[in-house]
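protein_18.cif follows; it contains mmCIF, C-alpha atoms.
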```cif
data_protein
#
loop_
_atom_site.label_atom_id
_atom_site.label_comp_id
_atom_site.auth_asym_id
_atom_site.auth_seq_id
_atom_site.Cartn_x
_atom_site.Cartn_y
_atom_site.Cartn_z
CA MET A 1 5.59 -17.62 -7.55
CA TYR A 2 4.89 -15.52 -10.65
CA GLU A 3 7.31 -12.74 -11.50
CA PHE A 4 6.41 -9.18 -10.54
CA ASN A 5 7.91 -5.70 -10.50
CA TYR A 6 9.61 -5.03 -7.18
CA ARG A 7 9.82 -1.53 -5.78
CA LYS A 8 11.25 -0.51 -2.46
CA VAL A 9 10.12 2.88 -1.24
CA ASP A 10 11.37 5.11 1.56
CA SER A 11 8.26 7.15 2.31
CA VAL A 12 4.52 6.65 2.70
CA ASP A 13 3.84 9.12 -0.11
CA ALA A 14 6.13 7.22 -2.48
CA ALA A 15 4.38 3.96 -1.58
CA VAL A 16 0.94 5.41 -2.31
CA GLU A 17 2.17 6.82 -5.61
CA ALA A 18 3.75 3.49 -6.56
CA ILE A 19 0.58 1.51 -5.96
CA GLN A 20 -1.55 4.03 -7.83
CA GLN A 21 0.72 3.59 -10.87
CA ALA A 22 0.66 -0.23 -10.70
CA ASP A 23 -1.84 -2.40 -12.58
CA ASP A 24 -2.47 -4.71 -9.65
CA GLY A 25 -0.06 -3.73 -6.93
CA LYS A 26 0.30 -5.02 -3.41
CA PHE A 27 2.19 -3.67 -0.44
CA VAL A 28 4.48 -6.05 1.39
CA ALA A 29 5.28 -5.36 5.04
CA GLY A 30 7.09 -8.23 6.77
CA GLY A 31 6.00 -10.65 4.06
CA GLN A 32 5.38 -13.57 6.40
CA THR A 33 1.90 -14.15 4.98
CA MET A 34 2.27 -12.33 1.67
CA LEU A 35 5.23 -14.34 0.37
CA PRO A 36 3.82 -17.80 1.21
CA THR A 37 0.56 -16.71 -0.42
CA MET A 38 2.43 -15.69 -3.56
CA LYS A 39 4.49 -18.88 -3.51
CA HIS A 40 1.24 -20.84 -3.58
CA ARG A 41 0.00 -18.62 -6.41
CA LEU A 42 -2.98 -17.60 -4.35
CA ALA A 43 -1.87 -14.04 -5.07
CA SER A 44 -0.04 -12.81 -8.14
CA PRO A 45 0.34 -9.03 -7.95
CA SER A 46 1.85 -7.18 -10.91
CA ASP A 47 3.88 -5.02 -8.55
CA VAL A 48 5.13 -5.57 -5.03
CA ILE A 49 5.81 -2.36 -3.14
CA ASP A 50 8.10 -3.04 -0.20
CA LEU A 51 7.40 -0.86 2.83
CA GLY A 52 10.54 -2.14 4.57
CA GLY A 53 12.51 1.00 3.79
CA ILE A 54 10.14 3.45 5.48
CA ALA A 55 11.99 4.20 8.72
CA GLU A 56 9.25 6.44 10.11
CA LEU A 57 6.87 3.48 10.36
CA VAL A 58 9.11 1.58 12.77
CA GLY A 59 9.12 2.02 16.52
CA VAL A 60 7.17 2.06 19.75
CA CYS A 61 6.47 5.03 21.99
CA VAL A 62 4.27 5.71 24.98
CA GLU A 63 2.66 9.15 25.24
CA GLY A 64 0.65 9.66 28.40
CA ASP A 65 -1.79 6.76 28.56
CA THR A 66 -1.42 5.73 24.93
CA VAL A 67 0.93 3.19 23.36
CA ILE A 68 1.77 4.06 19.75
CA ILE A 69 3.20 1.27 17.62
CA GLY A 70 4.49 2.05 14.14
CA ALA A 71 2.95 -0.16 11.46
CA MET A 72 6.28 -1.70 10.41
CA THR A 73 7.29 -2.64 13.96
CA THR A 74 7.98 -6.36 14.17
CA HIS A 75 6.29 -8.71 16.59
CA ALA A 76 9.72 -9.38 18.13
CA ALA A 77 10.22 -5.66 18.76
CA VAL A 78 6.80 -5.27 20.39
CA ALA A 79 7.39 -8.37 22.52
CA ALA A 80 10.81 -7.12 23.66
CA SER A 81 9.75 -3.50 24.22
CA ALA A 82 10.16 -2.54 27.88
CA GLU A 83 7.64 0.27 27.28
CA VAL A 84 4.94 -2.07 25.98
CA GLN A 85 5.72 -4.62 28.71
CA ALA A 86 5.20 -1.90 31.33
CA ALA A 87 2.14 -0.22 29.79
CA ILE A 88 0.14 -3.16 28.37
CA PRO A 89 1.90 -6.39 29.33
CA ALA A 90 -0.83 -8.49 27.69
CA LEU A 91 -0.02 -6.89 24.33
CA ALA A 92 3.70 -7.69 24.64
CA LYS A 93 2.81 -11.24 25.59
CA LEU A 94 0.45 -11.58 22.63
CA ALA A 95 3.22 -10.44 20.28
CA ALA A 96 5.65 -12.90 21.89
CA ASN A 97 3.37 -15.80 20.98
CA ILE A 98 2.70 -15.05 17.32
CA GLY A 99 4.15 -17.69 15.00
CA ASP A 100 7.73 -18.54 15.90
CA PRO A 101 10.90 -16.49 16.58
CA ALA A 102 11.99 -16.19 12.94
CA VAL A 103 8.51 -15.14 11.84
CA ARG A 104 8.36 -12.61 14.68
CA ASN A 105 11.62 -11.09 13.45
CA LYS A 106 9.98 -10.15 10.14
CA GLY A 107 6.21 -10.03 10.68
CA THR A 108 4.73 -6.63 11.54
CA ILE A 109 1.67 -5.33 13.33
CA GLY A 110 0.57 -3.35 10.28
CA GLY A 111 0.93 -6.34 7.99
CA SER A 112 -0.94 -8.58 10.38
CA ILE A 113 -3.99 -6.37 10.76
CA ALA A 114 -4.05 -5.29 7.09
CA ASN A 115 -4.11 -8.96 6.10
CA HIS A 116 -6.84 -9.75 8.64
CA ASP A 117 -6.39 -13.47 8.71
CA PRO A 118 -9.46 -14.50 10.71
CA ALA A 119 -7.17 -16.47 13.05
CA ALA A 120 -4.54 -13.78 13.62
CA ASP A 121 -3.82 -12.60 17.17
CA TYR A 122 -3.51 -8.82 16.92
CA PRO A 123 -7.10 -8.14 15.78
CA ALA A 124 -8.45 -9.36 19.14
CA ALA A 125 -6.24 -6.83 20.95
CA VAL A 126 -7.05 -3.99 18.54
CA ILE A 127 -10.75 -4.53 19.22
CA ALA A 128 -10.68 -5.20 22.97
CA LEU A 129 -8.26 -2.38 23.82
CA GLY A 130 -10.24 0.10 21.73
CA ALA A 131 -7.24 0.87 19.53
CA THR A 132 -7.21 3.32 16.66
CA VAL A 133 -5.71 2.40 13.29
CA LYS A 134 -3.91 5.39 11.79
CA THR A 135 -3.50 5.34 8.03
CA SER A 136 -2.06 7.49 5.27
CA ARG A 137 -5.38 9.30 5.03
CA ARG A 138 -7.45 8.92 8.24
CA GLU A 139 -7.97 7.31 11.62
CA ILE A 140 -10.16 4.21 11.86
CA PRO A 141 -11.63 2.93 15.16
CA GLY A 142 -10.30 -0.57 15.81
CA GLU A 143 -13.68 -2.22 16.02
CA GLU A 144 -14.69 -0.83 12.60
CA PHE A 145 -11.43 -1.86 10.94
CA PHE A 146 -12.06 -5.58 10.41
CA THR A 147 -14.94 -6.06 7.98
CA ASP A 148 -14.77 -9.70 6.85
CA MET A 149 -12.37 -12.58 6.29
CA PHE A 150 -9.18 -11.03 4.82
CA GLU A 151 -11.15 -7.80 4.38
CA THR A 152 -10.63 -4.51 6.18
CA ALA A 153 -11.82 -0.91 5.95
CA LEU A 154 -8.60 -0.02 4.07
CA GLU A 155 -8.76 1.29 0.52
CA GLU A 156 -6.42 -0.29 -2.05
CA ASP A 157 -3.96 2.62 -1.91
CA GLU A 158 -4.22 3.26 1.83
CA ILE A 159 -1.36 2.38 4.17
CA ILE A 160 -1.50 1.81 7.91
CA THR A 161 1.05 4.08 9.56
CA ALA A 162 0.52 3.23 13.24
CA VAL A 163 -1.79 1.63 15.75
CA THR A 164 -2.52 3.50 18.98
CA PHE A 165 -3.62 1.55 22.04
CA PRO A 166 -5.12 3.22 25.12
CA VAL A 167 -3.43 1.78 28.23
CA ALA A 168 -5.83 -0.61 29.94
CA GLU A 169 -6.21 -0.99 33.69
CA MET A 170 -6.12 -4.75 33.24
CA ALA A 171 -5.89 -6.94 30.18
CA ALA A 172 -5.17 -10.52 29.19
CA TYR A 173 -5.13 -12.58 26.01
CA MET A 174 -5.76 -16.29 25.91
CA LYS A 175 -5.52 -18.38 22.79
CA PHE A 176 -6.14 -22.00 22.03
CA GLU A 177 -3.56 -22.38 19.34
CA ASN A 178 -3.13 -24.71 16.44
CA PRO A 179 -0.04 -26.68 17.48
CA ALA A 180 1.43 -26.60 13.96
CA SER A 181 0.77 -23.07 12.74
CA ARG A 182 0.41 -21.29 16.13
CA TYR A 183 -2.60 -19.50 14.72
CA ALA A 184 -5.50 -19.06 17.10
CA ILE A 185 -8.16 -21.73 16.74
CA VAL A 186 -9.85 -19.34 19.14
CA GLY A 187 -8.27 -16.31 20.82
CA VAL A 188 -9.96 -13.97 23.29
CA PHE A 189 -8.56 -10.65 24.50
CA VAL A 190 -10.25 -9.14 27.56
CA ALA A 191 -9.47 -5.57 28.59
CA LYS A 192 -10.75 -3.30 31.34
CA THR A 193 -10.34 0.33 30.33
CA GLY A 194 -12.02 3.28 32.02
CA GLY A 195 -14.51 1.13 33.90
CA GLU A 196 -15.57 -0.75 30.77
CA VAL A 197 -14.72 -4.40 30.10
CA ARG A 198 -14.37 -5.25 26.43
CA VAL A 199 -13.89 -8.61 24.75
CA GLY A 200 -12.18 -9.12 21.38
CA VAL A 201 -12.58 -12.50 19.70
CA THR A 202 -10.45 -13.94 16.90
CA GLY A 203 -10.30 -17.33 15.20
CA ALA A 204 -13.89 -18.20 16.02
CA THR A 205 -15.75 -16.67 13.08
CA SER A 206 -14.93 -15.23 9.65
CA CYS A 207 -14.18 -11.85 11.19
CA ALA A 208 -12.48 -10.66 14.35
CA HIS A 209 -15.18 -9.00 16.44
CA ARG A 210 -16.34 -7.71 19.80
CA GLY A 211 -17.88 -10.39 21.95
CA LEU A 212 -20.95 -8.34 22.84
CA GLN A 213 -22.84 -11.23 24.46
CA LEU A 214 -19.78 -12.00 26.57
CA GLU A 215 -19.39 -8.34 27.52
CA ALA A 216 -23.03 -8.24 28.58
CA ALA A 217 -22.48 -11.32 30.76
CA LEU A 218 -19.47 -9.70 32.38
CA GLY A 219 -21.41 -6.49 32.99
CA GLY A 220 -18.31 -4.33 33.28
CA GLN A 221 -16.79 -6.58 35.94
CA LEU A 222 -13.88 -9.01 35.79
CA ASP A 223 -16.13 -11.77 37.06
CA ALA A 224 -16.54 -14.75 34.75
CA SER A 225 -19.36 -16.44 36.69
CA GLY A 226 -21.96 -15.51 34.07
CA ILE A 227 -20.03 -16.72 31.02
CA ASP A 228 -21.19 -20.36 31.12
CA ALA A 229 -24.80 -19.26 30.65
CA VAL A 230 -24.04 -17.34 27.42
CA GLU A 231 -25.44 -19.07 24.33
CA LEU A 232 -23.25 -18.17 21.37
CA PRO A 233 -24.78 -18.77 17.91
CA VAL A 234 -23.01 -21.87 16.62
CA GLU A 235 -24.02 -21.17 13.00
CA ASN A 236 -21.66 -18.16 12.93
CA MET A 237 -18.61 -20.19 13.98
CA ASN A 238 -15.88 -21.42 11.65
CA SER A 239 -15.73 -25.16 11.17
CA ASP A 240 -12.72 -26.98 9.73
CA ILE A 241 -10.45 -29.97 10.31
CA HIS A 242 -8.99 -28.26 13.38
CA ALA A 243 -12.23 -27.60 15.25
CA SER A 244 -15.96 -27.89 14.67
CA ALA A 245 -18.30 -24.94 15.06
CA GLU A 246 -19.66 -26.36 18.32
CA TYR A 247 -16.17 -26.78 19.70
CA ARG A 248 -15.18 -23.24 18.74
CA ALA A 249 -18.29 -21.85 20.42
CA HIS A 250 -17.27 -23.73 23.55
CA LEU A 251 -13.66 -22.53 23.31
CA VAL A 252 -14.72 -18.89 23.06
CA LYS A 253 -16.30 -19.15 26.49
CA VAL A 254 -13.40 -21.11 27.98
CA MET A 255 -10.82 -18.64 26.65
CA THR A 256 -12.96 -15.74 27.90
CA LYS A 257 -13.08 -17.22 31.38
CA ARG A 258 -9.33 -17.84 31.40
CA ALA A 259 -8.62 -14.30 30.19
CA VAL A 260 -10.90 -12.79 32.83
CA GLU A 261 -9.21 -14.88 35.51
CA ALA A 262 -5.78 -13.84 34.22
CA CYS A 263 -6.87 -10.19 34.39
CA ALA A 264 -8.01 -10.57 37.97
CA GLN A 265 -4.72 -12.10 39.12
CA MET B 1 16.57 -8.93 -13.47
CA VAL B 2 17.75 -7.04 -10.43
CA THR B 3 21.26 -6.76 -9.05
CA VAL B 4 21.66 -7.57 -5.38
CA ASN B 5 24.68 -6.92 -3.19
CA ILE B 6 24.75 -8.95 -0.02
CA THR B 7 27.48 -9.72 2.48
CA VAL B 8 27.35 -13.48 3.01
CA ASN B 9 29.45 -14.98 5.79
CA GLY B 10 31.61 -11.87 5.79
CA LYS B 11 32.23 -11.78 2.05
CA PRO B 12 30.56 -9.27 -0.27
CA VAL B 13 28.76 -11.02 -3.10
CA SER B 14 26.55 -9.76 -5.89
CA GLY B 15 24.26 -11.45 -8.34
CA GLU B 16 21.51 -11.00 -10.86
CA VAL B 17 18.16 -12.28 -9.67
CA GLU B 18 14.52 -12.13 -10.62
CA SER B 19 12.32 -10.14 -8.26
CA ARG B 20 10.68 -13.39 -7.19
CA THR B 21 13.96 -15.14 -6.27
CA LEU B 22 13.86 -16.12 -2.63
CA LEU B 23 16.91 -15.55 -0.47
CA VAL B 24 17.24 -19.30 0.02
CA GLN B 25 17.29 -19.82 -3.76
CA PHE B 26 19.96 -17.16 -4.12
CA LEU B 27 22.07 -18.81 -1.42
CA ARG B 28 21.68 -22.32 -2.77
CA ASP B 29 21.48 -21.82 -6.55
CA ASN B 30 23.62 -18.72 -7.15
CA LEU B 31 26.18 -19.09 -4.37
CA ARG B 32 26.05 -22.90 -4.09
CA LEU B 33 25.76 -22.61 -0.33
CA THR B 34 23.59 -25.70 -0.02
CA GLY B 35 23.80 -26.03 3.75
CA THR B 36 20.64 -23.95 4.02
CA HIS B 37 17.78 -26.33 3.32
CA VAL B 38 14.19 -26.11 2.12
CA GLY B 39 11.95 -28.52 3.99
CA CYS B 40 8.48 -27.13 3.41
CA ASP B 41 6.47 -24.71 1.35
CA THR B 42 4.66 -23.00 4.18
CA SER B 43 7.28 -21.15 6.26
CA GLN B 44 6.84 -23.61 9.10
CA CYS B 45 9.76 -26.05 9.14
CA GLY B 46 12.75 -23.79 9.85
CA ALA B 47 15.28 -25.78 7.79
CA CYS B 48 16.09 -22.54 5.92
CA VAL B 49 16.82 -20.34 8.94
CA VAL B 50 19.74 -17.96 8.43
CA HIS B 51 20.70 -14.74 10.17
CA VAL B 52 20.04 -11.44 8.41
CA ASP B 53 21.64 -8.47 10.14
CA GLY B 54 22.03 -10.62 13.23
CA LYS B 55 18.46 -11.90 13.47
CA SER B 56 17.10 -15.32 12.61
CA ILE B 57 14.77 -15.34 9.63
CA LYS B 58 13.31 -17.95 7.32
CA SER B 59 15.19 -17.49 4.05
CA CYS B 60 12.30 -19.09 2.14
CA THR B 61 10.11 -16.20 3.24
CA LEU B 62 12.32 -13.30 2.22
CA LEU B 63 13.06 -12.15 -1.31
CA ALA B 64 16.71 -11.94 -2.27
CA VAL B 65 16.10 -8.31 -3.27
CA GLN B 66 14.83 -7.61 0.23
CA ALA B 67 18.23 -8.71 1.57
CA ASP B 68 20.06 -6.26 -0.68
CA GLY B 69 22.65 -4.49 1.45
CA ALA B 70 22.22 -6.87 4.37
CA GLU B 71 24.71 -9.08 6.20
CA VAL B 72 23.71 -12.72 5.98
CA THR B 73 25.18 -15.58 8.00
CA THR B 74 24.48 -19.14 6.91
CA ILE B 75 25.49 -22.44 8.47
CA GLU B 76 28.63 -22.37 6.29
CA GLY B 77 29.76 -19.23 8.15
CA VAL B 78 29.49 -20.68 11.63
CA ALA B 79 32.52 -22.96 12.02
CA ASN B 80 36.06 -21.67 12.38
CA GLY B 81 37.73 -23.46 9.47
CA SER B 82 37.68 -27.16 10.25
CA GLU B 83 36.94 -26.50 13.92
CA LEU B 84 33.25 -26.83 14.64
CA HIS B 85 31.43 -24.03 16.42
CA PRO B 86 30.61 -25.02 20.04
CA MET B 87 26.93 -25.26 19.08
CA GLN B 88 27.71 -27.60 16.18
CA GLN B 89 29.97 -29.65 18.43
CA ALA B 90 27.19 -29.90 21.01
CA PHE B 91 24.81 -31.36 18.40
CA MET B 92 27.49 -33.94 17.58
CA ASP B 93 28.26 -34.75 21.23
CA ASN B 94 24.60 -35.05 22.25
CA HIS B 95 23.31 -36.97 19.24
CA GLY B 96 21.20 -33.93 18.35
CA LEU B 97 20.65 -35.17 14.81
CA GLN B 98 19.84 -38.28 12.90
CA CYS B 99 19.31 -37.58 9.20
CA GLY B 100 20.67 -34.05 9.59
CA PHE B 101 18.25 -32.31 7.26
CA CYS B 102 16.88 -29.93 9.88
CA THR B 103 20.23 -29.43 11.62
CA PRO B 104 21.47 -26.29 9.83
CA GLY B 105 18.25 -24.50 10.70
CA MET B 106 18.35 -25.87 14.23
CA VAL B 107 21.90 -24.58 14.76
CA MET B 108 21.11 -21.14 13.32
CA THR B 109 18.02 -20.88 15.50
CA ALA B 110 20.01 -22.12 18.51
CA LEU B 111 22.58 -19.35 18.02
CA ASP B 112 19.75 -16.80 17.89
CA ILE B 113 18.33 -18.27 21.11
CA VAL B 114 21.67 -17.78 22.84
CA ASN B 115 21.98 -14.23 21.47
CA ARG B 116 18.66 -13.28 23.03
CA ASN B 117 18.53 -15.46 26.14
CA GLY B 118 22.12 -15.97 27.23
CA ASN B 119 24.12 -19.08 28.02
CA ASN B 120 22.05 -20.63 30.80
CA LEU B 121 18.96 -21.94 29.06
CA ASP B 122 16.29 -23.96 30.78
CA GLU B 123 14.54 -26.74 28.92
CA ALA B 124 11.20 -24.95 28.69
CA THR B 125 12.79 -21.90 27.08
CA VAL B 126 14.58 -24.01 24.49
CA ARG B 127 11.45 -25.97 23.62
CA LYS B 128 9.39 -22.81 23.21
CA GLU B 129 12.09 -21.11 21.14
CA LEU B 130 12.34 -24.11 18.81
CA GLU B 131 8.66 -23.89 17.85
CA GLY B 132 9.58 -22.78 14.34
CA ASN B 133 11.97 -25.67 13.64
CA ILE B 134 10.63 -29.09 12.80
CA CYS B 135 12.58 -32.35 13.11
CA ARG B 136 11.11 -35.64 11.91
CA CYS B 137 13.78 -37.95 13.38
CA THR B 138 14.89 -37.17 16.87
CA GLY B 139 11.76 -36.43 18.86
CA TYR B 140 13.58 -33.23 19.91
CA HIS B 141 14.93 -34.46 23.26
CA ASN B 142 18.55 -34.55 22.15
CA ILE B 143 18.18 -31.33 20.18
CA VAL B 144 17.08 -29.58 23.35
CA LYS B 145 20.03 -31.08 25.24
CA SER B 146 22.37 -30.01 22.43
CA VAL B 147 21.15 -26.42 22.49
CA GLN B 148 21.53 -26.23 26.26
CA ALA B 149 25.02 -27.74 26.14
CA GLY B 150 26.10 -25.62 23.20
CA ALA B 151 24.87 -22.46 24.91
CA LYS B 152 26.83 -23.35 28.03
CA ASN B 153 29.98 -24.11 26.06
CA MET B 154 29.69 -20.84 24.15
CA GLY B 155 29.77 -19.02 27.47
CA GLY B 156 32.74 -20.97 28.74
CA SER B 157 34.93 -20.69 25.68
#
```
Written form, structure tokens:
Amino acid sequence: MYEFNYRKVDSVDAAVEAIQQADDGKFVAGGQTMLPTMKHRLASPSDVIDLGGIAELVGVCVEGDTVIIGAMTTHAAVAASAEVQAAIPALAKLAANIGDPAVRNKGTIGGSIANHDPAADYPAAVIALGATVKTSRREIPGEEFFTDMFETALEEDEIITAVTFPVAEMAAYMKFENPASRYAIVGVFVAKTGGEVRVGVTGATSCAHRGLQLEAALGGQLDASGIDAVELPVENMNSDIHASAEYRAHLVKVMTKRAVEACAQ
Amino acid sequence: MVTVNITVNGKPVSGEVESRTLLVQFLRDNLRLTGTHVGCDTSQCGACVVHVDGKSIKSCTLLAVQADGAEVTTIEGVANGSELHPMQQAFMDNHGLQCGFCTPGMVMTALDIVNRNGNNLDEATVRKELEGNICRCTGYHNIVKSVQAGAKNMGGS
């Protein structure tokens, strides 16, 4: 890892100011992707601005039918939150299966979605549950947040402050995970909210996205009988040593069916 | 260079580090606490697990400066003098190690498992909780037995 200037800040305003002053600054949240990336010299920021001291970004609360998760809330905290478990159990379960226990003790929801690894778990939930990403300057609809592999709608000096999730009537997340990294080879989050069934897909393509063809086949119902007939474009799928494009296209449908069945139970 | 003040195994320590110094490097190189190991470069193997403010973390994936002001427990802080901790003893009694390289991380993770899940651990829970710790010798069976036995003995002592 190359040397950098380290700054720990205690407010969102101070963090924004710090990154504006830096030549090539990066925010670090839980650091569970950022630090390995820097160790491998795939990133070499001039300044690392640590958001770990901003207390206001940590915590979970439920207001009415909305779950609000502070950006610096760890996966372990979301998984263990009785409020999340009661309001959106599928979200708590998703958090409980990210990485491993030590990673979950440091990794955060804000860091995960800001990084937008195309195989990360949270993006599927953000999209399917119709979440809103709150930042230091605006609110971004979840399905517009992820723009491409490791790319999001965030500006360089913009910080996620919280993610708000409408409480779904029913929801489930199914992932076919890489047995070494626990990343999703394919992950599908299905949510029924206000009479609409939405599907969020991660791991399959370069960008987490709504599964519009799958949603059309479901037709607003938690009935997976039409999924087999969906023809997903194989050319859009990721292909690597873990799974071919054809296999991923197949897995998207299998995970969708399993998630729909888990919702219905 | 940055000054860090950390409480390690109950003792306050301070040191001068570069911003990029990892906690595991600070523990091993500055403090000569070499029980915490580095087994990989990708935050996957768990040989470097220590507790920071009571929670298990991978010390290869935390900057030493990020631990400034924290309480850190390493494998060296687990035993009571020459008397092994019940979890360490359980690894010995159940042949939970062969080469021993992964063992410090396994024990630190095991203690975290007990903290969160109590003393009666079923096999499935232990296997799931050990996902972030890799062992290349044992095939895990005796590690799982060790964690279960150690957890039970911690409750009974």
Distance table requested - chain A against chain B, cut-off 12 Å, all atoms listed in the file: one row per qualifying residue with the closest atom pair and its distance in Å to one decimal, ordered by chain and rising residue number, as a tab-separated table.
```
residue	atom	partner	partner_atom	distance
A:Met1	CA	B:Arg20	CA	6.6
A:Tyr2	CA	B:Arg20	CA	7.1
A:Glu3	CA	B:Arg20	CA	5.5
A:Phe4	CA	B:Ser19	CA	6.4
A:Asn5	CA	B:Ser19	CA	6.6
A:Tyr6	CA	B:Ser19	CA	5.9
A:Arg7	CA	B:Ser19	CA	9.3
A:Lys8	CA	B:Gln66	CA	8.4
A:Val9	CA	B:Gln66	CA	11.6
A:Val28	CA	B:Gln66	CA	10.5
A:Ala29	CA	B:Gln66	CA	10.9
A:Gly30	CA	B:Leu62	CA	8.6
A:Gly31	CA	B:Thr61	CA	7.0
A:Gln32	CA	B:Thr61	CA	6.3
A:Thr33	CA	B:Thr61	CA	8.6
A:Met34	CA	B:Thr61	CA	8.9
A:Leu35	CA	B:Thr61	CA	6.0
A:Pro36	CA	B:Thr42	CA	6.0
A:Thr37	CA	B:Thr42	CA	8.8
A:Met38	CA	B:Arg20	CA	9.3
A:Lys39	CA	B:Asp41	CA	7.8
A:His40	CA	B:Asp41	CA	8.2
A:Arg41	CA	B:Asp41	CA	11.8
A:Ser44	CA	B:Arg20	CA	10.8
A:Pro45	CA	B:Arg20	CA	11.2
A:Ser46	CA	B:Ser19	CA	11.2
A:Asp47	CA	B:Ser19	CA	9.9
A:Val48	CA	B:Ser19	CA	9.1
A:Ile49	CA	B:Gln66	CA	11.0
A:Asp50	CA	B:Gln66	CA	8.1
A:Leu51	CA	B:Gln66	CA	10.4
A:Gly52	CA	B:Gln66	CA	8.2
A:Gly53	CA	B:Gln66	CA	9.6
A:Thr74	CA	B:Lys55	CA	11.9
A:Ala76	CA	B:Lys55	CA	10.2
A:Ala77	CA	B:Lys55	CA	11.6
A:Ala80	CA	B:Arg116	CA	10.0
A:Ala96	CA	B:Glu129	CA	10.5
A:Asn97	CA	B:Lys128	CA	9.5
A:Ile98	CA	B:Glu131	CA	10.7
A:Gly99	CA	B:Gly132	CA	7.5
A:Asp100	CA	B:Gly132	CA	4.9
A:Pro101	CA	B:Glu129	CA	6.6
A:Ala102	CA	B:Ile57	CA	4.4
A:Val103	CA	B:Ile57	CA	6.6
A:Arg104	CA	B:Ile57	CA	8.6
A:Asn105	CA	B:Ile57	CA	6.5
A:Lys106	CA	B:Ile57	CA	7.1
A:Gly107	CA	B:Ile57	CA	10.1
A:Asn178	CA	B:Glu131	CA	11.9
A:Pro179	CA	B:Glu131	CA	9.1
A:Ala180	CA	B:Gln44	CA	7.9
A:Ser181	CA	B:Gln44	CA	7.1
A:Arg182	CA	B:Glu131	CA	8.8
A:Tyr183	CA	B:Gln44	CA	11.7
```
(message) I need the residue nearest His85 of chain B from this list: B:Val126, B:Gly118, B:Thr7, B:Met108. Use only C-alpha atoms for the distance.
(response) B:Met108
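Selection check: the PyMOL selection byres ((chain A and resi 146) around 9) on the shown file gives Ile113, Ala114, His116, Pro123, Ile127, Gly142, Glu143, Glu144, Phe145, Thr147, Asp148, Met149, Phe150, Glu151, Thr152, Ala153, Cys207, Ala208 and His209 of chain A.
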(message) Just want the 6 Å neighbourhood of Ala191 of chain A, counted on only C-alpha atoms, with same-chain residues fewer than 2 positions away dropped. Output as a PyMOL selection string.
(response) chain A and resi 128-129+170-171+197-198
(message) Can you pull out the residues contacting Met87 of chain B? Cut-off 10 Å, using only C-alpha atoms, and skip same-chain residues under 6 positions away; I want them as a VMD selection string.
(response) chain B and resid 78 to 79 93 106 to 108 110 to 111 114 146 to 154
(message) Given only C-alpha atoms as the basis, pick out the residue of A:Ala229, A:Ala14, A:Ala119, A:Met72 nearest to Val201 of chain A.
(response)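 Ranking A:Ala229, A:Ala14, A:Ala119, A:Met72 by distance to Val201 of chain A, first place goes to A:Ala119.
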Residue neighbourhood Glu56 of chain A, 10 Å, only C-alpha atoms, exclusion window fewer than 6 positions, as an mmCIF file with C-alpha atoms, in the frame of the given file:
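Okay, out_17.cif is ready:
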```
data_model
loop_
_atom_site.group_PDB
_atom_site.id
_atom_site.type_symbol
_atom_site.label_atom_id
_atom_site.label_comp_id
_atom_site.auth_asym_id
_atom_site.auth_seq_id
_atom_site.Cartn_x
_atom_site.Cartn_y
_atom_site.Cartn_z
ATOM 1 C CA ASP A 10 11.370 5.110 1.560
ATOM 2 C CA SER A 11 8.260 7.150 2.310
ATOM 3 C CA VAL A 12 4.520 6.650 2.700
ATOM 4 C CA GLY A 70 4.490 2.050 14.140
ATOM 5 C CA ALA A 71 2.950 -0.160 11.460
ATOM 6 C CA MET A 72 6.280 -1.700 10.410
ATOM 7 C CA THR A 161 1.050 4.080 9.560
ATOM 8 C CA ALA A 162 0.520 3.230 13.240
#
```
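Once the PyMOL selection byres ((chain A and resi 214-228) around 8) is applied to the shown structure, the selection contains Lys192, Gly195, Glu196, Val197, Arg198, Val199, Gly211, Leu212, Gln213, Ala229, Val230, Lys253, Thr256, Lys257, Val260, Glu261, Cys263 and Ala264 of chain A.
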(request) Name the residues in contact with His37 of chain B at a cut-off of 7 Å, using only C-alpha atoms, excluding same-chain residues fewer than 3 positions from it; report them as a ChimeraX atom specification. (result) /B:34,47-48
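From atom CA of Gly81 of chain B back to atom CA of Pro104 of chain B, the distance works out to 16.5 Å.
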(request) Could you tell me which residues the PyMOL selection byres ((chain A and resi 239) around 12) grabs in this file, written as a list in words? (result)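 So the PyMOL selection byres ((chain A and resi 239) around 12), applied here, picks out Ile185, Val186, Gly203, Ala204, Thr205, Ser206, Val234, Glu235, Asn236, Met237, Asn238, Asp240, Ile241, His242, Ala243, Ser244, Ala245, Glu246, Tyr247, Arg248 and Ala249 of chain A.
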(request) Go through B:Asn119, B:Thr36, B:Ser82, B:Ser14 one by one, measure the shortest atom-to-atom distance of each to Phe101 of chain B using all atoms listed in the file, and give the residue with the smallest value. (result)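 Between B:Asn119, B:Thr36, B:Ser82, B:Ser14, the residue approaching Phe101 of chain B most closely is B:Thr36.
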(request) Please provide as a ChimeraX atom specification all residues within 7 Å of Val133 of chain A, with the sequence filter that same-chain residues fewer than 3 positions apart are discarded (counting only C-alpha atoms). (result) /A:139-142,160,162-164
(request) Kindly indicate which residue among A:Phe165, A:Leu57, A:Pro233, A:Tyr173 lies nearest to Ser136 of chain A, using all atoms listed in the file for the distances. (result)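 Once distances to Ser136 of chain A are computed over all atoms listed in the file, the minimum belongs to A:Leu57.
Counting from atom CA of Gln20 of chain A, the distance to atom CA of Thr135 of chain A is 16.0 Å.
Interatomic distance, atom CA of Gly39 of chain B against atom CA of Gly139 of chain B: 16.8 Å.
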(request) Go through B:Thr138, B:Thr125, B:Thr74, B:Asn117 one by one, measure the shortest atom-to-atom distance of each to Asn94 of chain B using only C-alpha atoms, and give the residue with the smallest value. (result) B:Thr138
